[in-house]
Amino acid sequence: MDFIAKKSLGQNFLHAPQVISKMIHTTNITPDDIVLEVGPGKGALTEKLLEIGAKVIAVEKDDRLISFLSDKFSKEIESGQLKIIHQDILDFNPSLYGLSSSNYSIIANIPYYISGEFLRKFLESDIQPSRMVIMLQKELAKRIVDKKGSILSISVKAYGNPKYITSVPRKFFRPMPNVDSAMLLIENISKKFFLRENRIEDERKKQEREKKEDIEMSPGKEKINNRETRMSEKRFFELVKAGFAHKRKVLIKNIEEIMTKDDIKEIWESQKWSLTLRAEELTIEDWMKIACFPQK
């Protein structure tokens with residue numbers, strides 16, 4: 001059955017068996033794995049996932065495709081191997097479908113215009129996938145893996161390890177888009193980066209309290225740590241966004257709005273950083289050093 005792609009949904013159907021095979025191989029899907037497939041389209045990738053034995057939750061926004069997919073995979077739906085959800089992926093709630101953190105993978109061929117929001121939704125979520133393989137605009141995928149810092153690149157690397165897998169020429173899509181695509185793998189997705197750094201921050205604060213007050217940590221330690229963990233993540237991104245706010249300014253000028261000049265001076269001197277340092281020159285570890293600096 002032929003479908004006329006809806007421009008309003010940013011639809012570009014993938015017509016390349018070799019690319020589909022590459023996506024499955026890259027995700028390293030095995031029987032009984034749970035896969036959240038985003039934008040199944042006509043089900044070419046869905047079919048291969050089901051053949052492997054994976055349990056698939058396919059989220060499709062186009063109502064025309066729901067009935068088509070339901071007919072095509074009626075046996076798999078009846079057996080419980082496949083669930084087809086008629087919904088915008090940005091409104092999808094993983095907890096409603098038995099998904100928990102790191103117990104599922106994502107394979108997605110998403111519209112270019114929701115790429116950033118899609119990544120934020122699942123990387124920042126409390127129910128993160130263990131890995132994802134997504135089709136993105138080629139230039140966007142390159143920016144994510146680039147060593148030169150950007151808000152997008154740092155935001156992805158804070159949660160996982162992105163890897164540029166392969167370029168996917170525009171000729172493999174129908175209708176053919178104006179730009180080439182790329183397959184991006186993000187693996188080892190978690191929030192350990194923030195938890196690891198927060199333990200350093202917690203220990204420093206503990207030592208300061210014990211030195212000044214000569215007391216042990218209070219019984220509310222666990223609650224304090226949980227609260228500080230979330231704040232550490234929040235503060236990290238506040239700093240990153242501030243750092244990149246004005247590209248023509250050096251970094252210290254950008255972050256003066258959210259940090260004192262004395263604190264900035266102390267950090268810069270301890271790290272022996274140049275006063276002309278710009279945001280794109282910092283590594284993700286450098287950003288966390290700033291974010292974990294004791295706030296007075």
# chains A, B, ... in the order shown; residues from 1 in each chain; ligands from 1
>>> select_by_dssp(residues="stretch 103-217 of chain A", states="helix (DSSP H, G or I)", output="mmCIF file with N, CA and C atoms, in the first residue's frame")
data_model
loop_
_atom_site.group_PDB
_atom_site.id
_atom_site.type_symbol
_atom_site.label_atom_id
_atom_site.label_comp_id
_atom_site.auth_asym_id
_atom_site.auth_seq_id
_atom_site.Cartn_x
_atom_site.Cartn_y
_atom_site.Cartn_z
ATOM 1 N N TYR A 112 13.099 15.536 11.499
ATOM 2 C CA TYR A 112 14.225 16.390 11.876
ATOM 3 C C TYR A 112 13.833 17.452 12.896
ATOM 4 N N TYR A 113 12.616 17.988 12.754
ATOM 5 C CA TYR A 113 12.262 19.168 13.552
ATOM 6 C C TYR A 113 12.023 18.857 15.034
ATOM 7 N N ILE A 114 11.904 17.578 15.402
ATOM 8 C CA ILE A 114 11.719 17.265 16.825
ATOM 9 C C ILE A 114 12.983 16.641 17.440
ATOM 10 N N SER A 115 14.080 16.614 16.703
ATOM 11 C CA SER A 115 15.297 15.926 17.157
ATOM 12 C C SER A 115 15.751 16.379 18.538
ATOM 13 N N GLY A 116 15.904 17.689 18.731
ATOM 14 C CA GLY A 116 16.387 18.212 20.003
ATOM 15 C C GLY A 116 15.451 17.889 21.153
ATOM 16 N N GLU A 117 14.166 18.096 20.945
ATOM 17 C CA GLU A 117 13.173 17.840 21.994
ATOM 18 C C GLU A 117 13.094 16.349 22.312
ATOM 19 N N PHE A 118 13.214 15.522 21.283
ATOM 20 C CA PHE A 118 13.195 14.068 21.461
ATOM 21 C C PHE A 118 14.367 13.613 22.328
ATOM 22 N N LEU A 119 15.557 14.103 22.019
ATOM 23 C CA LEU A 119 16.744 13.729 22.792
ATOM 24 C C LEU A 119 16.613 14.166 24.244
ATOM 25 N N ARG A 120 16.154 15.388 24.464
ATOM 26 C CA ARG A 120 15.981 15.879 25.833
ATOM 27 C C ARG A 120 14.981 15.021 26.599
ATOM 28 N N LYS A 121 13.877 14.682 25.954
ATOM 29 C CA LYS A 121 12.818 13.912 26.613
ATOM 30 C C LYS A 121 13.339 12.601 27.185
ATOM 31 N N PHE A 122 14.090 11.851 26.378
ATOM 32 C CA PHE A 122 14.493 10.519 26.811
ATOM 33 C C PHE A 122 15.823 10.497 27.567
ATOM 34 N N LEU A 123 16.706 11.431 27.278
ATOM 35 C CA LEU A 123 17.972 11.453 28.015
ATOM 36 C C LEU A 123 17.792 12.020 29.415
ATOM 37 N N LYS A 138 22.317 14.865 9.132
ATOM 38 C CA LYS A 138 23.749 14.574 9.182
ATOM 39 C C LYS A 138 24.539 15.628 9.945
ATOM 40 N N GLU A 139 24.281 16.888 9.674
ATOM 41 C CA GLU A 139 25.030 17.951 10.342
ATOM 42 C C GLU A 139 24.761 17.984 11.840
ATOM 43 N N LEU A 140 23.552 17.621 12.231
ATOM 44 C CA LEU A 140 23.214 17.588 13.648
ATOM 45 C C LEU A 140 23.976 16.464 14.354
ATOM 46 N N ALA A 141 24.026 15.298 13.713
ATOM 47 C CA ALA A 141 24.759 14.160 14.284
ATOM 48 C C ALA A 141 26.238 14.497 14.438
ATOM 49 N N LYS A 142 26.802 15.204 13.462
ATOM 50 C CA LYS A 142 28.210 15.592 13.536
ATOM 51 C C LYS A 142 28.460 16.552 14.696
ATOM 52 N N ARG A 143 27.533 17.461 14.919
ATOM 53 C CA ARG A 143 27.675 18.416 16.026
ATOM 54 C C ARG A 143 27.668 17.707 17.376
ATOM 55 N N ILE A 144 26.869 16.654 17.468
ATOM 56 C CA ILE A 144 26.763 15.932 18.738
ATOM 57 C C ILE A 144 28.072 15.245 19.098
ATOM 58 N N VAL A 145 28.738 14.646 18.111
ATOM 59 C CA VAL A 145 29.975 13.905 18.395
ATOM 60 C C VAL A 145 31.228 14.769 18.302
ATOM 61 N N ILE A 151 26.073 23.327 23.221
ATOM 62 C CA ILE A 151 25.069 22.932 24.210
ATOM 63 C C ILE A 151 24.531 21.549 23.886
ATOM 64 N N LEU A 152 24.265 21.295 22.610
ATOM 65 C CA LEU A 152 23.719 20.001 22.194
ATOM 66 C C LEU A 152 24.695 18.873 22.490
ATOM 67 N N SER A 153 25.926 19.048 22.099
ATOM 68 C CA SER A 153 26.936 18.015 22.293
ATOM 69 C C SER A 153 27.143 17.695 23.772
ATOM 70 N N ILE A 154 27.283 18.718 24.588
ATOM 71 C CA ILE A 154 27.501 18.528 26.020
ATOM 72 C C ILE A 154 26.281 17.885 26.671
ATOM 73 N N SER A 155 25.084 18.291 26.240
ATOM 74 C CA SER A 155 23.861 17.746 26.811
ATOM 75 C C SER A 155 23.744 16.251 26.553
ATOM 76 N N VAL A 156 24.125 15.806 25.361
ATOM 77 C CA VAL A 156 24.068 14.380 25.048
ATOM 78 C C VAL A 156 25.164 13.617 25.795
ATOM 79 N N LYS A 157 26.377 14.152 25.785
ATOM 80 C CA LYS A 157 27.514 13.465 26.416
ATOM 81 C C LYS A 157 27.395 13.386 27.931
ATOM 82 N N ARG A 170 20.355 10.991 1.205
ATOM 83 C CA ARG A 170 18.944 11.375 1.085
ATOM 84 C C ARG A 170 18.183 10.507 0.085
ATOM 85 N N LYS A 171 18.889 9.887 -0.857
ATOM 86 C CA LYS A 171 18.237 9.068 -1.877
ATOM 87 C C LYS A 171 17.566 7.817 -1.299
ATOM 88 N N PHE A 172 17.892 7.476 -0.060
ATOM 89 C CA PHE A 172 17.311 6.293 0.568
ATOM 90 C C PHE A 172 15.962 6.565 1.220
ATOM 91 N N LYS A 192 24.787 8.603 35.818
ATOM 92 C CA LYS A 192 25.933 8.356 36.688
ATOM 93 C C LYS A 192 26.915 9.526 36.691
ATOM 94 N N PHE A 193 26.991 10.234 35.595
ATOM 95 C CA PHE A 193 27.897 11.380 35.514
ATOM 96 C C PHE A 193 27.596 12.376 36.624
ATOM 97 N N PHE A 194 26.315 12.643 36.831
ATOM 98 C CA PHE A 194 25.915 13.598 37.862
ATOM 99 C C PHE A 194 26.046 13.001 39.256
ATOM 100 N N LEU A 195 25.720 11.748 39.407
ATOM 101 C CA LEU A 195 25.829 11.098 40.706
ATOM 102 C C LEU A 195 27.272 11.016 41.160
ATOM 103 N N ARG A 196 28.171 10.686 40.246
ATOM 104 C CA ARG A 196 29.597 10.585 40.566
ATOM 105 C C ARG A 196 30.138 11.913 41.051
ATOM 106 N N GLU A 197 29.822 12.962 40.324
ATOM 107 C CA GLU A 197 30.334 14.278 40.691
ATOM 108 C C GLU A 197 29.664 14.779 41.965
ATOM 109 N N ASN A 198 28.399 14.389 42.147
ATOM 110 C CA ASN A 198 27.699 14.867 43.328
ATOM 111 C C ASN A 198 28.273 14.267 44.603
ATOM 112 N N ARG A 199 28.809 13.040 44.520
ATOM 113 C CA ARG A 199 29.433 12.448 45.698
ATOM 114 C C ARG A 199 30.637 13.272 46.138
ATOM 115 N N ILE A 200 31.360 13.809 45.140
ATOM 116 C CA ILE A 200 32.487 14.695 45.457
ATOM 117 C C ILE A 200 31.979 15.939 46.158
ATOM 118 N N GLU A 201 30.881 16.487 45.631
ATOM 119 C CA GLU A 201 30.308 17.699 46.209
ATOM 120 C C GLU A 201 29.789 17.420 47.620
ATOM 121 N N ASP A 202 29.116 16.283 47.817
ATOM 122 C CA ASP A 202 28.585 15.922 49.120
ATOM 123 C C ASP A 202 29.705 15.753 50.148
ATOM 124 N N GLU A 203 30.794 15.108 49.737
ATOM 125 C CA GLU A 203 31.901 14.870 50.648
ATOM 126 C C GLU A 203 32.547 16.181 51.072
ATOM 127 N N ARG A 204 32.678 17.092 50.126
ATOM 128 C CA ARG A 204 33.261 18.397 50.431
ATOM 129 C C ARG A 204 32.379 19.152 51.436
ATOM 130 N N LYS A 205 31.072 19.128 51.210
ATOM 131 C CA LYS A 205 30.159 19.814 52.115
ATOM 132 C C LYS A 205 30.145 19.154 53.485
ATOM 133 N N LYS A 206 30.243 17.835 53.498
ATOM 134 C CA LYS A 206 30.279 17.109 54.770
ATOM 135 C C LYS A 206 31.505 17.514 55.591
ATOM 136 N N GLN A 207 32.649 17.567 54.910
ATOM 137 C CA GLN A 207 33.888 17.936 55.599
ATOM 138 C C GLN A 207 33.804 19.361 56.130
ATOM 139 N N GLU A 208 33.204 20.247 55.361
ATOM 140 C CA GLU A 208 33.072 21.639 55.797
ATOM 141 C C GLU A 208 32.187 21.736 57.035
ATOM 142 N N ARG A 209 31.079 20.974 57.060
ATOM 143 C CA ARG A 209 30.176 20.993 58.203
ATOM 144 C C ARG A 209 30.853 20.425 59.452
ATOM 145 N N GLU A 210 31.553 19.304 59.261
ATOM 146 C CA GLU A 210 32.206 18.661 60.407
ATOM 147 C C GLU A 210 33.316 19.536 60.983
ATOM 148 N N LYS A 211 33.995 20.253 60.093
ATOM 149 C CA LYS A 211 35.074 21.119 60.538
ATOM 150 C C LYS A 211 34.526 22.310 61.322
ATOM 151 N N LYS A 212 33.449 22.886 60.832
ATOM 152 C CA LYS A 212 32.895 24.080 61.454
ATOM 153 C C LYS A 212 32.057 23.758 62.683
ATOM 154 N N GLU A 213 31.308 22.674 62.628
ATOM 155 C CA GLU A 213 30.350 22.389 63.692
ATOM 156 C C GLU A 213 30.722 21.157 64.521
#
>>> residues_around(residues="A:Ser100", least_positions_apart="4", cutoff="9 Å", atoms="only C-alpha atoms", output="mmCIF file with N, CA and C atoms, in the first residue's frame")
data_model
loop_
_atom_site.group_PDB
_atom_site.id
_atom_site.type_symbol
_atom_site.label_atom_id
_atom_site.label_comp_id
_atom_site.auth_asym_id
_atom_site.auth_seq_id
_atom_site.Cartn_x
_atom_site.Cartn_y
_atom_site.Cartn_z
ATOM 1 N N PRO A 94 6.674 6.388 29.208
ATOM 2 C CA PRO A 94 7.212 5.019 29.268
ATOM 3 C C PRO A 94 6.642 4.170 30.398
ATOM 4 N N SER A 95 6.340 4.791 31.532
ATOM 5 C CA SER A 95 5.873 4.028 32.692
ATOM 6 C C SER A 95 4.523 3.359 32.461
ATOM 7 N N TYR A 104 15.132 -1.059 28.295
ATOM 8 C CA TYR A 104 14.688 -1.033 26.905
ATOM 9 C C TYR A 104 15.642 -0.210 26.048
ATOM 10 N N ASP A 126 13.553 10.115 33.930
ATOM 11 C CA ASP A 126 13.864 9.185 35.005
ATOM 12 C C ASP A 126 13.758 7.743 34.517
ATOM 13 N N ILE A 127 13.135 7.560 33.345
ATOM 14 C CA ILE A 127 13.015 6.226 32.740
ATOM 15 C C ILE A 127 13.797 6.258 31.426
ATOM 16 N N GLN A 128 15.110 6.222 31.528
ATOM 17 C CA GLN A 128 15.985 6.320 30.363
ATOM 18 C C GLN A 128 16.148 4.970 29.664
ATOM 19 N N PRO A 129 16.301 4.982 28.349
ATOM 20 C CA PRO A 129 16.668 3.740 27.658
ATOM 21 C C PRO A 129 18.127 3.421 27.941
#
>>> residues_around(residues="stretch 44-50 of chain A", least_positions_apart="5", cutoff="10 Å", atoms="only C-alpha atoms", output="PDB file with C-alpha atoms, in the first residue's frame")
ATOM      1  CA  PHE A  13      10.018   6.834   4.707  1.00  0.00           C
ATOM      2  CA  LEU A  14      13.241   4.837   4.717  1.00  0.00           C
ATOM      3  CA  HIS A  15      13.670   2.547   1.686  1.00  0.00           C
ATOM      4  CA  ALA A  16      16.994   0.807   2.269  1.00  0.00           C
ATOM      5  CA  PRO A  17      17.149  -2.767   3.648  1.00  0.00           C
ATOM      6  CA  VAL A  19      20.330   0.619   6.479  1.00  0.00           C
ATOM      7  CA  ILE A  20      17.618  -1.173   8.443  1.00  0.00           C
ATOM      8  CA  SER A  21      19.975  -4.130   8.992  1.00  0.00           C
ATOM      9  CA  MET A  23      20.322  -0.097  12.658  1.00  0.00           C
ATOM     10  CA  ILE A  24      19.419  -3.467  14.171  1.00  0.00           C
ATOM     11  CA  ILE A  29      19.094  -6.469  19.697  1.00  0.00           C
ATOM     12  CA  THR A  30      18.644 -10.015  21.002  1.00  0.00           C
ATOM     13  CA  PRO A  31      15.512 -12.164  21.542  1.00  0.00           C
ATOM     14  CA  ASP A  32      13.196 -10.900  24.308  1.00  0.00           C
ATOM     15  CA  ASP A  33      14.831  -7.448  24.345  1.00  0.00           C
ATOM     16  CA  ILE A  34      12.319  -4.612  24.661  1.00  0.00           C
ATOM     17  CA  VAL A  35      12.493  -2.063  21.853  1.00  0.00           C
ATOM     18  CA  GLU A  37      10.396   1.940  17.944  1.00  0.00           C
ATOM     19  CA  VAL A  38       9.562   5.514  17.062  1.00  0.00           C
ATOM     20  CA  GLY A  39       7.945   6.212  13.698  1.00  0.00           C
ATOM     21  CA  LYS A  55       9.280  -7.310  22.091  1.00  0.00           C
ATOM     22  CA  VAL A  56       8.335  -4.112  20.299  1.00  0.00           C
ATOM     23  CA  ILE A  57       6.379  -1.045  21.331  1.00  0.00           C
ATOM     24  CA  ALA A  58       5.831   0.974  18.160  1.00  0.00           C
ATOM     25  CA  LEU A  69       0.265  -1.794  10.811  1.00  0.00           C
ATOM     26  CA  LYS A  72       0.077  -6.335   8.816  1.00  0.00           C
ATOM     27  CA  PHE A  73       1.131  -7.516  12.270  1.00  0.00           C
ATOM     28  CA  GLU A  76       2.253 -10.421  16.656  1.00  0.00           C
ATOM     29  CA  GLN A  81       4.992  -9.414  21.041  1.00  0.00           C
ATOM     30  CA  LEU A  82       3.982  -6.096  19.490  1.00  0.00           C
ATOM     31  CA  ILE A 107      15.277   2.749  17.530  1.00  0.00           C
ATOM     32  CA  ALA A 108      13.935   5.840  15.841  1.00  0.00           C
ATOM     33  CA  ASN A 109      13.598   7.476  12.460  1.00  0.00           C
TER      34      ASN A 109
END
>>> closest_residue(among="A:Ile258, A:Leu251, A:Leu36, A:Ile110", to="A:Gly98", atoms="only C-alpha atoms")
A:Leu36
>>> residues_around(residues="A:Asn254", least_positions_apart="6", cutoff="9 Å", atoms="only C-alpha atoms", output="PyMOL selection string")
chain A and resi 242-247+279
>>> write_last_selection(atoms="N, CA and C atoms", output="CSV table (one decimal), in the first residue's frame")
chain,number,residue,atom,x,y,z
A,242,ALA,N,24.3,29.3,30.2
A,242,ALA,CA,24.8,30.7,30.4
A,242,ALA,C,26.1,30.8,29.6
A,243,GLY,N,27.0,29.8,29.7
A,243,GLY,CA,28.3,29.9,29.0
A,243,GLY,C,28.2,30.1,27.5
A,244,PHE,N,27.2,29.5,26.9
A,244,PHE,CA,27.0,29.7,25.5
A,244,PHE,C,26.1,30.8,25.1
A,245,ALA,N,25.6,31.5,26.0
A,245,ALA,CA,24.5,32.5,25.7
A,245,ALA,C,25.0,33.6,24.7
A,246,HIS,N,26.2,34.0,24.9
A,246,HIS,CA,26.7,35.1,24.0
A,246,HIS,C,28.1,34.6,23.4
A,247,LYS,N,28.0,34.2,22.2
A,247,LYS,CA,29.2,33.6,21.6
A,247,LYS,C,30.4,34.5,21.4
A,279,ALA,N,33.5,29.1,25.8
A,279,ALA,CA,32.7,28.0,26.2
A,279,ALA,C,33.0,26.7,25.4
>>> residues_around(residues="A:Lys191", least_positions_apart="6", cutoff="10 Å", atoms="only C-alpha atoms", output="MDAnalysis selection string")
chainID A and resid 123:126 128 158:160 229 233
>>> residues_around(residues="stretch 178-190 of chain A", least_positions_apart="6", cutoff="7 Å", atoms="only C-alpha atoms", output="compact mmCIF listing (two decimals) with C-alpha atoms, in the first residue's frame")
# COMPACT_ATOMS: atom_id res chain seq x y z
CA GLN A 128 15.99 6.32 30.36
CA PRO A 129 16.67 3.74 27.66
CA SER A 130 19.94 1.81 27.93
CA ARG A 131 20.84 2.83 24.39
CA MET A 132 19.31 4.43 21.33
CA VAL A 133 19.95 4.35 17.60
CA ILE A 134 18.39 7.28 15.82
CA MET A 135 18.33 8.74 12.36
CA LEU A 136 19.16 12.44 12.42
CA GLN A 137 20.09 15.19 10.04
CA LYS A 138 23.75 14.57 9.18
CA ALA A 141 24.76 14.16 14.28
CA TYR A 159 24.00 11.23 29.72
CA GLY A 160 25.70 8.78 27.36
CA ASN A 161 28.38 7.99 24.81
CA PRO A 162 27.39 9.18 21.31
CA LYS A 163 28.95 7.56 18.26
CA TYR A 164 28.53 8.50 14.61
CA ILE A 165 27.79 5.19 12.86
CA THR A 166 27.30 6.01 9.20
CA SER A 167 25.98 8.60 6.77
CA VAL A 168 22.66 7.82 5.10
CA PRO A 169 22.20 9.56 1.73
CA ARG A 170 18.94 11.37 1.08
>>> closest_residue(among="A:Phe92, A:Phe68, A:Phe173, A:Phe293", to="A:Asp263", atoms="only C-alpha atoms")
A:Phe293
>>> select_by_dssp(residues="stretch 85-181 of chain A", states="strand (DSSP E or B)", output="PyMOL selection string")
chain A and resi 85-86+105-109+131-137+161-168+173-174+181
>>> write_last_selection(atoms="C-alpha atoms", output="mmCIF file, in the first residue's frame")
data_model
loop_
_atom_site.group_PDB
_atom_site.id
_atom_site.type_symbol
_atom_site.label_atom_id
_atom_site.label_comp_id
_atom_site.auth_asym_id
_atom_site.auth_seq_id
_atom_site.Cartn_x
_atom_site.Cartn_y
_atom_site.Cartn_z
ATOM 1 C CA ILE A 85 0.544 3.048 20.114
ATOM 2 C CA HIS A 86 -1.218 5.856 18.263
ATOM 3 C CA SER A 105 16.336 0.335 23.762
ATOM 4 C CA ILE A 106 15.118 2.946 21.308
ATOM 5 C CA ILE A 107 15.277 2.749 17.530
ATOM 6 C CA ALA A 108 13.935 5.840 15.841
ATOM 7 C CA ASN A 109 13.598 7.476 12.460
ATOM 8 C CA ARG A 131 20.842 2.834 24.387
ATOM 9 C CA MET A 132 19.307 4.429 21.334
ATOM 10 C CA VAL A 133 19.954 4.346 17.601
ATOM 11 C CA ILE A 134 18.393 7.280 15.822
ATOM 12 C CA MET A 135 18.329 8.741 12.357
ATOM 13 C CA LEU A 136 19.162 12.439 12.423
ATOM 14 C CA GLN A 137 20.089 15.191 10.036
ATOM 15 C CA ASN A 161 28.376 7.986 24.809
ATOM 16 C CA PRO A 162 27.391 9.178 21.315
ATOM 17 C CA LYS A 163 28.951 7.556 18.262
ATOM 18 C CA TYR A 164 28.528 8.502 14.614
ATOM 19 C CA ILE A 165 27.793 5.192 12.859
ATOM 20 C CA THR A 166 27.299 6.013 9.196
ATOM 21 C CA SER A 167 25.985 8.596 6.772
ATOM 22 C CA VAL A 168 22.657 7.825 5.102
ATOM 23 C CA PHE A 173 14.185 8.157 1.685
ATOM 24 C CA ARG A 174 10.812 8.748 0.082
ATOM 25 C CA SER A 181 20.929 11.844 7.283
#
>>> atom_distance(atom1="atom CA of A:Glu60", atom2="atom CA of A:Glu78")
18.3 Å
>>> closest_residue(among="A:Lys241, A:Lys249, A:Arg64, A:Lys147", to="A:Leu275", atoms="only C-alpha atoms")
A:Lys249
